[in-house]
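structure-v4.cif (mmCIF, C-alpha atoms) appears below.
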data_coords
#
loop_
_atom_site.group_PDB
_atom_site.id
_atom_site.type_symbol
_atom_site.label_atom_id
_atom_site.label_comp_id
_atom_site.auth_asym_id
_atom_site.auth_seq_id
_atom_site.Cartn_x
_atom_site.Cartn_y
_atom_site.Cartn_z
ATOM 1 C CA PHE D 1 124.906 100.893 98.466
ATOM 2 C CA ASN D 2 122.431 101.280 95.716
ATOM 3 C CA TYR D 3 119.236 103.303 95.588
ATOM 4 C CA CYS D 4 117.026 100.450 96.813
ATOM 5 C CA GLN D 5 119.286 99.824 99.793
ATOM 6 C CA VAL D 6 119.261 103.513 100.757
ATOM 7 C CA GLU D 7 115.471 103.701 100.513
ATOM 8 C CA ALA D 8 115.108 100.454 102.465
ATOM 9 C CA GLU D 9 117.334 101.817 105.242
ATOM 10 C CA LYS D 10 115.029 104.836 105.519
ATOM 11 C CA LEU D 11 112.042 102.517 106.001
ATOM 12 C CA ILE D 12 113.960 100.449 108.543
ATOM 13 C CA GLU D 13 114.876 103.573 110.505
ATOM 14 C CA LYS D 14 111.186 104.555 110.567
ATOM 15 C CA LYS D 15 110.454 101.028 111.849
ATOM 16 C CA THR D 16 108.098 100.426 108.928
ATOM 17 C CA LYS D 17 106.609 96.942 108.996
ATOM 18 C CA VAL D 18 106.302 95.185 105.613
ATOM 19 C CA TYR D 19 103.603 92.573 105.073
ATOM 20 C CA TYR D 20 103.149 90.206 102.098
ATOM 21 C CA PHE D 21 100.353 92.258 100.530
ATOM 22 C CA HIS D 22 102.590 95.338 100.445
ATOM 23 C CA PHE D 23 104.625 93.662 97.699
ATOM 24 C CA ILE D 24 101.583 93.417 95.446
ATOM 25 C CA TYR D 25 99.920 96.699 96.350
ATOM 26 C CA PHE D 26 102.902 99.063 96.268
ATOM 27 C CA THR D 27 104.502 97.460 93.211
ATOM 28 C CA ILE D 28 101.306 97.806 91.167
ATOM 29 C CA LYS D 29 100.694 101.274 92.565
ATOM 30 C CA GLU D 30 104.165 102.421 91.477
ATOM 31 C CA PHE D 31 103.683 101.038 87.974
ATOM 32 C CA PHE D 32 100.240 102.637 87.659
ATOM 33 C CA LYS D 33 101.591 105.983 88.904
ATOM 34 C CA LYS D 34 104.553 106.043 86.518
ATOM 35 C CA TYR D 35 102.764 104.680 83.467
ATOM 36 C CA PHE D 36 99.337 106.295 83.687
ATOM 37 C CA ILE D 37 99.316 109.171 86.194
ATOM 38 C CA ARG D 38 102.646 110.582 85.003
ATOM 39 C CA TYR D 39 101.807 109.773 81.344
ATOM 40 C CA GLY D 40 104.632 107.291 80.815
ATOM 41 C CA PHE D 41 102.550 105.646 78.097
ATOM 42 C CA LEU D 42 103.127 108.731 75.950
ATOM 43 C CA ASP D 43 106.845 107.850 75.842
ATOM 44 C CA GLY D 44 106.121 104.482 74.253
ATOM 45 C CA THR D 45 108.503 101.649 75.038
ATOM 46 C CA ALA D 46 110.796 103.897 77.057
ATOM 47 C CA GLY D 47 107.882 104.881 79.326
ATOM 48 C CA LEU D 48 106.896 101.252 79.770
ATOM 49 C CA ILE D 49 110.446 100.262 80.652
ATOM 50 C CA SER D 50 110.722 103.158 83.101
ATOM 51 C CA ALA D 51 107.460 102.177 84.821
ATOM 52 C CA ILE D 52 108.546 98.538 85.070
ATOM 53 C CA HIS D 53 111.945 99.567 86.417
ATOM 54 C CA SER D 54 110.357 101.811 89.078
ATOM 55 C CA SER D 55 107.929 99.120 90.196
ATOM 56 C CA ASN D 56 110.776 96.596 90.316
ATOM 57 C CA ALA D 57 112.836 98.987 92.477
ATOM 58 C CA THR D 58 109.856 99.331 94.822
ATOM 59 C CA PHE D 59 109.616 95.541 95.089
ATOM 60 C CA ARG D 60 113.348 95.207 95.819
ATOM 61 C CA LYS D 61 113.199 97.955 98.452
ATOM 62 C CA LEU D 62 110.349 96.167 100.224
ATOM 63 C CA ALA D 63 112.179 92.838 99.941
ATOM 64 C CA ILE D 64 115.227 94.280 101.710
ATOM 65 C CA VAL D 65 113.046 95.542 104.572
ATOM 66 C CA TRP D 66 111.180 92.201 104.707
ATOM 67 C CA ASP D 67 114.471 90.294 104.945
ATOM 68 C CA LYS D 68 115.753 92.582 107.679
ATOM 69 C CA GLN D 69 112.606 92.363 109.816
ATOM 70 C CA ASN D 70 112.395 88.579 109.448
ATOM 71 C CA GLU D 71 116.060 87.695 109.831
ATOM 72 C CA ILE D 72 116.959 85.043 112.365
ATOM 73 C CA SER D 73 120.307 85.132 114.117
ATOM 74 C CA ARG D 74 122.630 82.163 113.884
ATOM 75 C CA SER D 75 122.310 81.532 117.629
ATOM 76 C CA GLU D 76 118.510 81.368 117.341
ATOM 77 C CA ILE D 77 118.769 78.863 114.487
ATOM 78 C CA GLU D 78 121.271 76.724 116.403
ATOM 79 C CA LYS D 79 119.073 76.774 119.531
ATOM 80 C CA SER D 80 116.016 75.766 117.503
ATOM 81 C CA ILE D 81 117.878 72.876 115.888
ATOM 82 C CA SER D 82 119.302 71.810 119.245
ATOM 83 C CA ASP D 83 115.851 71.878 120.868
ATOM 84 C CA LYS D 84 114.370 69.793 118.041
ATOM 85 C CA TRP D 85 117.264 67.340 118.266
ATOM 86 C CA GLU D 86 116.785 66.951 122.009
ATOM 87 C CA LYS D 87 113.063 66.401 121.505
ATOM 88 C CA GLN D 88 113.770 63.689 118.909
ATOM 89 C CA ILE D 89 116.195 61.945 121.257
ATOM 90 C CA THR D 90 113.724 62.143 124.141
ATOM 91 C CA ASN D 91 110.928 60.740 121.966
ATOM 92 C CA ALA D 92 113.177 57.933 120.713
ATOM 93 C CA HIS D 93 114.057 56.906 124.295
ATOM 94 C CA THR D 94 110.401 57.059 125.356
ATOM 95 C CA ILE D 95 109.289 54.790 122.492
ATOM 96 C CA SER D 96 112.052 52.194 123.076
#
Just give me the structure of the file as structure tokens.
Amino acid sequence: FNYCQVEAEKLIEKKTKVYYFHFIYFTIKEFFKKYFIRYGFLDGTAGLISAIHSSNATFRKLAIVWDKQNEISRSEIEKSISDKWEKQITNAHTIS
């Protein structure tokens, strides 16, 4: 596990729901916090890199939660494909 995975697991345990706008909002918020609020700009390039790294980690953490909450099991995918296939066959027989 890496840090992002551990933090994502904490959010999953809390049943936190991630929406598309969270990626934008929380990533920018993390950068702003690290670079401006915590005076990262005073560290020059190192502060900029640190702020970018932190905001990137926030994005990856949210992406892991997003993937987990939107995952589809193999059986669900197979059922969906099977249903669509059956519908296509039924429509083909109706048209003929």
List, as a list in words, every residue that the PyMOL selection byres ((chain D and resi 58-72) around 8) selects in the file provided.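 Those residues are Cys4, Gln5, Glu7, Ala8, Glu9, Leu11, Ile12, Lys17, Val18, Tyr19, His22, Phe23, Phe26, Thr27, Glu30, Ser54, Ser55, Asn56, Ala57, Ser73, Arg74, Glu76 and Ile77 of chain D.
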Compare D:Ile52, D:Lys84, D:Lys79, D:Ile28 by their minimum atom-to-atom distance to Gly40 in chain D, counting all atoms listed in the file, and give me the closest one. D:Ile52
Atomic separation - CA of Asn2 in chain D relative to CA of Ala51 in chain D, Å: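 If I compute the distance from CA of Ala51 in chain D to CA of Asn2 in chain D, I get 18.5 Å.
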Have a look at CA of Val6 in chain D and CA of His53 in chain D and let me know their distance in Å, one decimal.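 If I compute the distance from CA of Val6 in chain D to CA of His53 in chain D, I get 16.6 Å.
The space separating CA of Lys34 in chain D from CA of Ala46 in chain D comes to 11.5 Å.
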To test the calculation: enclose all listed atoms of range 48-54 of chain D in a box whose edges run along x, y and z, add 5 Å on each side, then state centre and edge lengths in Å to one decimal, as AutoDock Vina command-line options.
--center_x 109.4 --center_y 100.8 --center_z 84.4 --size_x 15.0 --size_y 14.6 --size_z 19.3
